[in-house]
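Asker: Below is the file entry-v1.pdb, with PDB, C-alpha atoms.
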ATOM      1  CA  MET Q   1      17.735 -24.014 -20.841
ATOM      2  CA  ALA Q   2      15.120 -24.909 -18.226
ATOM      3  CA  ILE Q   3      16.165 -25.923 -14.734
ATOM      4  CA  LYS Q   4      15.113 -29.489 -14.034
ATOM      5  CA  SER Q   5      13.881 -30.649 -10.670
ATOM      6  CA  GLU Q   6      15.582 -33.635  -9.063
ATOM      7  CA  ALA Q   7      12.326 -35.577  -8.801
ATOM      8  CA  SER Q   8      11.454 -35.463 -12.491
ATOM      9  CA  ASP Q   9      12.466 -34.229 -15.912
ATOM     10  CA  ALA Q  10       9.807 -31.490 -15.808
ATOM     11  CA  PRO Q  11      11.089 -27.905 -15.591
ATOM     12  CA  GLU Q  12      10.736 -26.216 -12.196
ATOM     13  CA  ILE Q  13       7.729 -23.965 -11.829
ATOM     14  CA  LEU Q  14       7.665 -20.780  -9.781
ATOM     15  CA  ASN Q  15       4.526 -20.731  -7.673
ATOM     16  CA  LEU Q  16       3.783 -17.005  -7.670
ATOM     17  CA  GLU Q  17       1.263 -17.264  -4.858
ATOM     18  CA  ASN Q  18       4.082 -18.424  -2.554
ATOM     19  CA  PHE Q  19       6.858 -16.201  -3.986
ATOM     20  CA  LEU Q  20       7.652 -13.568  -1.340
ATOM     21  CA  PRO Q  21       8.294 -10.606  -3.702
ATOM     22  CA  TYR Q  22       4.979 -11.274  -5.451
ATOM     23  CA  ARG Q  23       3.125 -11.633  -2.145
ATOM     24  CA  LEU Q  24       4.621  -8.384  -0.811
ATOM     25  CA  TYR Q  25       3.687  -6.533  -4.009
ATOM     26  CA  ARG Q  26       0.103  -7.813  -3.944
ATOM     27  CA  LEU Q  27      -0.291  -7.031  -0.264
ATOM     28  CA  ALA Q  28       1.162  -3.530  -0.626
ATOM     29  CA  ASP Q  29      -1.101  -2.869  -3.587
ATOM     30  CA  ALA Q  30      -4.194  -4.151  -1.752
ATOM     31  CA  VAL Q  31      -3.450  -2.036   1.333
ATOM     32  CA  SER Q  32      -2.705   1.010  -0.819
ATOM     33  CA  ARG Q  33      -5.947   0.610  -2.789
ATOM     34  CA  GLU Q  34      -8.003   0.218   0.387
ATOM     35  CA  PHE Q  35      -6.365   3.228   2.024
ATOM     36  CA  SER Q  36      -6.757   5.299  -1.163
ATOM     37  CA  ARG Q  37     -10.533   5.138  -0.727
ATOM     38  CA  ILE Q  38     -10.181   7.172   2.457
ATOM     39  CA  TYR Q  39      -8.291  10.135   1.022
ATOM     40  CA  LYS Q  40     -10.154   9.936  -2.286
ATOM     41  CA  ASP Q  41     -13.540  10.028  -0.531
ATOM     42  CA  SER Q  42     -12.556  12.664   2.030
ATOM     43  CA  HIS Q  43     -10.515  15.007  -0.183
ATOM     44  CA  GLY Q  44     -10.613  13.768  -3.789
ATOM     45  CA  LEU Q  45      -6.901  12.944  -3.909
ATOM     46  CA  THR Q  46      -5.062  10.457  -6.092
ATOM     47  CA  ARG Q  47      -2.293   8.245  -4.657
ATOM     48  CA  PRO Q  48       0.510  10.509  -5.944
ATOM     49  CA  GLU Q  49      -1.280  13.598  -4.601
ATOM     50  CA  TRP Q  50      -1.697  11.958  -1.190
ATOM     51  CA  ARG Q  51       1.944  10.879  -1.093
ATOM     52  CA  THR Q  52       3.076  14.379  -2.048
ATOM     53  CA  LEU Q  53       0.777  16.042   0.485
ATOM     54  CA  SER Q  54       1.790  13.664   3.272
ATOM     55  CA  GLY Q  55       5.502  14.096   2.534
ATOM     56  CA  LEU Q  56       5.170  17.865   2.734
ATOM     57  CA  GLY Q  57       2.962  17.593   5.811
ATOM     58  CA  GLN Q  58       5.600  15.509   7.558
ATOM     59  CA  HIS Q  59       8.735  17.359   6.437
ATOM     60  CA  GLY Q  60       7.552  20.918   5.860
ATOM     61  CA  THR Q  61       9.488  21.936   2.757
ATOM     62  CA  MET Q  62      10.805  19.515   0.142
ATOM     63  CA  THR Q  63      11.922  19.480  -3.465
ATOM     64  CA  ALA Q  64      10.082  17.389  -6.038
ATOM     65  CA  SER Q  65      13.151  15.132  -6.242
ATOM     66  CA  ALA Q  66      13.062  14.537  -2.483
ATOM     67  CA  ILE Q  67       9.352  13.705  -2.655
ATOM     68  CA  GLY Q  68      10.055  11.219  -5.442
ATOM     69  CA  GLU Q  69      12.827   9.563  -3.431
ATOM     70  CA  GLN Q  70      10.794   9.393  -0.228
ATOM     71  CA  SER Q  71       7.679   8.016  -1.898
ATOM     72  CA  ALA Q  72       9.344   5.910  -4.626
ATOM     73  CA  MET Q  73       7.350   7.795  -7.271
ATOM     74  CA  HIS Q  74       8.530   8.593 -10.776
ATOM     75  CA  LYS Q  75       9.241  12.284 -11.377
ATOM     76  CA  THR Q  76       6.339  12.524 -13.841
ATOM     77  CA  LYS Q  77       3.849  11.433 -11.173
ATOM     78  CA  VAL Q  78       5.364  13.848  -8.659
ATOM     79  CA  SER Q  79       5.186  16.668 -11.204
ATOM     80  CA  ARG Q  80       1.503  16.012 -11.928
ATOM     81  CA  ALA Q  81       0.681  15.752  -8.220
ATOM     82  CA  VAL Q  82       2.509  19.014  -7.482
ATOM     83  CA  ALA Q  83       0.676  20.770 -10.341
ATOM     84  CA  GLU Q  84      -2.708  19.570  -9.063
ATOM     85  CA  LEU Q  85      -2.003  20.502  -5.439
ATOM     86  CA  GLU Q  86      -0.811  23.902  -6.621
ATOM     87  CA  ARG Q  87      -3.981  24.304  -8.716
ATOM     88  CA  ARG Q  88      -5.995  23.618  -5.564
ATOM     89  CA  ARG Q  89      -3.824  26.171  -3.749
ATOM     90  CA  TRP Q  90      -2.603  23.519  -1.300
ATOM     91  CA  LEU Q  91       1.081  24.129  -1.968
ATOM     92  CA  THR Q  92       3.424  26.843  -3.137
ATOM     93  CA  ARG Q  93       6.667  26.697  -5.094
ATOM     94  CA  LYS Q  94       9.671  28.839  -4.299
ATOM     95  CA  PRO Q  95      12.707  28.789  -6.622
ATOM     96  CA  ASP Q  96      16.025  27.934  -5.005
ATOM     97  CA  GLU Q  97      18.200  31.018  -4.624
ATOM     98  CA  LYS Q  98      21.307  29.260  -5.958
ATOM     99  CA  ASP Q  99      19.806  26.956  -8.586
ATOM    100  CA  ARG Q 100      16.652  28.176 -10.345
ATOM    101  CA  ARG Q 101      15.987  24.665 -11.689
ATOM    102  CA  ILE Q 102      15.155  23.556  -8.137
ATOM    103  CA  GLU Q 103      11.901  24.526  -6.442
ATOM    104  CA  HIS Q 104      11.128  24.248  -2.756
ATOM    105  CA  LEU Q 105       7.570  23.068  -2.169
ATOM    106  CA  THR Q 106       5.607  23.986   0.948
ATOM    107  CA  LEU Q 107       1.995  23.442   1.965
ATOM    108  CA  THR Q 108      -0.244  26.481   2.199
ATOM    109  CA  GLY Q 109      -2.532  26.956   5.181
ATOM    110  CA  THR Q 110      -5.313  25.220   3.239
ATOM    111  CA  GLY Q 111      -3.043  22.322   2.302
ATOM    112  CA  LEU Q 112      -1.808  21.969   5.856
ATOM    113  CA  ALA Q 113      -5.399  22.002   7.150
ATOM    114  CA  ALA Q 114      -6.327  19.207   4.709
ATOM    115  CA  TYR Q 115      -3.247  17.220   5.761
ATOM    116  CA  ARG Q 116      -4.161  17.640   9.441
ATOM    117  CA  GLU Q 117      -7.701  16.438   8.722
ATOM    118  CA  MET Q 118      -6.305  13.304   7.062
ATOM    119  CA  VAL Q 119      -3.724  12.366   9.707
ATOM    120  CA  PRO Q 120      -6.300  10.921  12.137
ATOM    121  CA  LEU Q 121      -7.964   9.070   9.244
ATOM    122  CA  ALA Q 122      -4.603   7.548   8.264
ATOM    123  CA  LYS Q 123      -3.807   6.570  11.849
ATOM    124  CA  ALA Q 124      -7.258   5.023  12.281
ATOM    125  CA  PHE Q 125      -6.779   3.035   9.060
ATOM    126  CA  GLU Q 126      -3.427   1.765  10.292
ATOM    127  CA  GLY Q 127      -4.945   0.889  13.678
ATOM    128  CA  ASP Q 128      -7.790  -1.027  12.025
ATOM    129  CA  LEU Q 129      -5.322  -2.877   9.817
ATOM    130  CA  LEU Q 130      -3.114  -3.847  12.757
ATOM    131  CA  ALA Q 131      -6.163  -4.831  14.824
ATOM    132  CA  ARG Q 132      -6.677  -7.710  12.375
ATOM    133  CA  LEU Q 133      -3.485  -9.251  13.774
ATOM    134  CA  SER Q 134      -2.627 -10.686  17.172
ATOM    135  CA  ALA Q 135       0.014  -8.914  19.288
ATOM    136  CA  GLU Q 136       2.488 -11.622  18.304
ATOM    137  CA  GLU Q 137       1.698 -11.167  14.597
ATOM    138  CA  ARG Q 138       2.050  -7.366  14.895
ATOM    139  CA  THR Q 139       5.499  -7.807  16.457
ATOM    140  CA  ALA Q 140       6.507 -10.329  13.799
ATOM    141  CA  ILE Q 141       5.400  -8.194  10.861
ATOM    142  CA  THR Q 142       6.976  -5.045  12.283
ATOM    143  CA  SER Q 143      10.320  -6.722  12.917
ATOM    144  CA  GLY Q 144      10.198  -8.637   9.612
ATOM    145  CA  LEU Q 145       9.515  -5.490   7.597
ATOM    146  CA  ALA Q 146      12.265  -3.625   9.460
ATOM    147  CA  ALA Q 147      14.748  -6.403   8.707
ATOM    148  CA  LEU Q 148      13.865  -6.422   4.995
ATOM    149  CA  GLU Q 149      14.008  -2.614   4.814
ATOM    150  CA  THR Q 150      17.412  -2.602   6.498
ATOM    151  CA  SER Q 151      18.785  -5.092   4.034
ATOM    152  CA  LEU Q 152      17.208  -3.618   0.880
ATOM    153  CA  VAL Q 153      16.585   0.108   1.302
ATOM    154  CA  PRO Q 154      19.606   2.396   1.442
ATOM    155  CA  SER Q 155      19.661   4.395   4.649
ATOM    156  CA  LYS Q 156      19.983   8.155   4.681
ATOM    157  CA  GLY Q 157      22.907   8.969   6.821
TER
END
As structure tokens - that is how I would like this structure written.
Answerer:
Amino acid sequence: MAIKSEASDAPEILNLENFLPYRLYRLADAVSREFSRIYKDSHGLTRPEWRTLSGLGQHGTMTASAIGEQSAMHKTKVSRAVAELERRRWLTRKPDEKDRRIEHLTLTGTGLAAYREMVPLAKAFEGDLLARLSAEERTAITSGLAALETSLVPSKG
């Protein structure tokens, strides 16, 4: 049964272009695609490989499950990214002493060097993106995103 608007008998229409979840998805995808050009051009990485590398660069040692949780990636994508970074000798796997099903992933010296080369590129990209906004807009988007994250994303605590 269609929902009718009060002004007419026509069913209500959802204007996707003004629907916040759709706008956020499109914006996130556009930013991600634009940023992906940087790490693809500089180091030949895919999005999952970049997310895996950056997670390990930030946290040191992680499990594949932790990478998936942090980056909101499916375990299959994490697994492929880990395999490729290992093939490039950018990370190593070490089985957990108590549970052999779990592996602890760590960047090698080469992987860490690549990560450190990309950090300034990532920060410059973020700076360029934020420079498109006024100071007031930067404050508004930062506080708006934080409010949405607080209400939607479970905190680790």
Asker: List, as a CSV table (one decimal) with C-alpha atoms, in the coordinates of the input, every residue that the PyMOL selection byres ((chain Q and resi 47-50) around 8) selects in the file provided.
Answerer:
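Saved file part01.csv follows:
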chain,number,residue,atom,x,y,z
Q,36,SER,CA,-6.8,5.3,-1.2
Q,39,TYR,CA,-8.3,10.1,1.0
Q,45,LEU,CA,-6.9,12.9,-3.9
Q,46,THR,CA,-5.1,10.5,-6.1
Q,51,ARG,CA,1.9,10.9,-1.1
Q,52,THR,CA,3.1,14.4,-2.0
Q,53,LEU,CA,0.8,16.0,0.5
Q,54,SER,CA,1.8,13.7,3.3
Q,73,MET,CA,7.4,7.8,-7.3
Q,77,LYS,CA,3.8,11.4,-11.2
Q,78,VAL,CA,5.4,13.8,-8.7
Q,81,ALA,CA,0.7,15.8,-8.2
Q,82,VAL,CA,2.5,19.0,-7.5
Q,84,GLU,CA,-2.7,19.6,-9.1
Q,85,LEU,CA,-2.0,20.5,-5.4
Asker: Output the residue selection produced by the PyMOL selection byres ((chain Q and resi 103) around 10) on the file above, formatted as a PyMOL selection string.
Answerer: chain Q and resi 61-65+92-97+99-102+104-106
Asker: What is the distance, in Å and to one decimal place, between CA of Leu24 in chain Q and CA of Arg37 in chain Q?
Answerer: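 Separating CA of Leu24 in chain Q from CA of Arg37 in chain Q is a distance of 20.3 Å.
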Asker: Choose the residue, out of Q:Leu14, Q:Leu148, Q:Leu91, Q:Ala28, that has the smallest atom-to-atom separation from Leu56 in chain Q; count all atoms listed in the file.
Answerer: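 The answer is Q:Leu91, which sits nearest to Leu56 in chain Q.
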Asker: Pick the closest to Gly60 in chain Q from Q:Ser42, Q:Ser134, Q:Thr150, Q:Thr108: which is it, counting only C-alpha atoms?
Answerer: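 With only C-alpha atoms as the atom set, the closest residue is Q:Thr108.
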Asker: How far is it from CA of Gly55 in chain Q to CA of Ile67 in chain Q, in Å with one decimal?
Answerer: 6.5 Å
Asker: Please write out, as AutoDock Vina command-line options, where the centre of an axis-aligned box around all listed atoms of range 144-156 of chain Q lies and how long its edges are, in Å to one decimal, after adding 5 Å on each side.
Answerer:
--center_x 14.7 --center_y -0.2 --center_z 5.2 --size_x 20.5 --size_y 26.8 --size_z 18.7
Asker: Select, from Q:Pro21, Q:Pro11, Q:Gly57, Q:Gly44, the residue with the minimum atom-to-atom distance to Gly111 in chain Q, counting all atoms listed in the file.
Answerer: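 Checking each of Q:Pro21, Q:Pro11, Q:Gly57, Q:Gly44 against Gly111 in chain Q, counting all atoms listed in the file, the winner is Q:Gly57.
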Asker: Between CA of Gln58 in chain Q and CA of Glu117 in chain Q, what is the spacing in Å?
Answerer: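 About the pair CA of Glu117 in chain Q and CA of Gln58 in chain Q: they are 13.4 Å apart.
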Asker: Given all atoms listed in the file as the basis, pick out the residue of Q:Ala30, Q:Thr110, Q:Phe125, Q:Ala135 nearest to His43 in chain Q.
Answerer: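 Once distances to His43 in chain Q are computed over all atoms listed in the file, the minimum belongs to Q:Thr110.
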Asker: For Glu34 in chain Q, which of Q:Asp128, Q:Glu86, Q:Glu149, Q:Glu136 is the closest residue, counting only C-alpha atoms?
Answerer: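 Answer, going by the shortest atom-to-atom distance: Q:Asp128.
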Asker: Restricting the calculation to only C-alpha atoms: of Q:Ile38, Q:Glu17, Q:Val31, Q:Ala10, which residue gets closest to Ala122 in chain Q?
Answerer: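 For Ala122 in chain Q, the nearest of the given residues is Q:Ile38.
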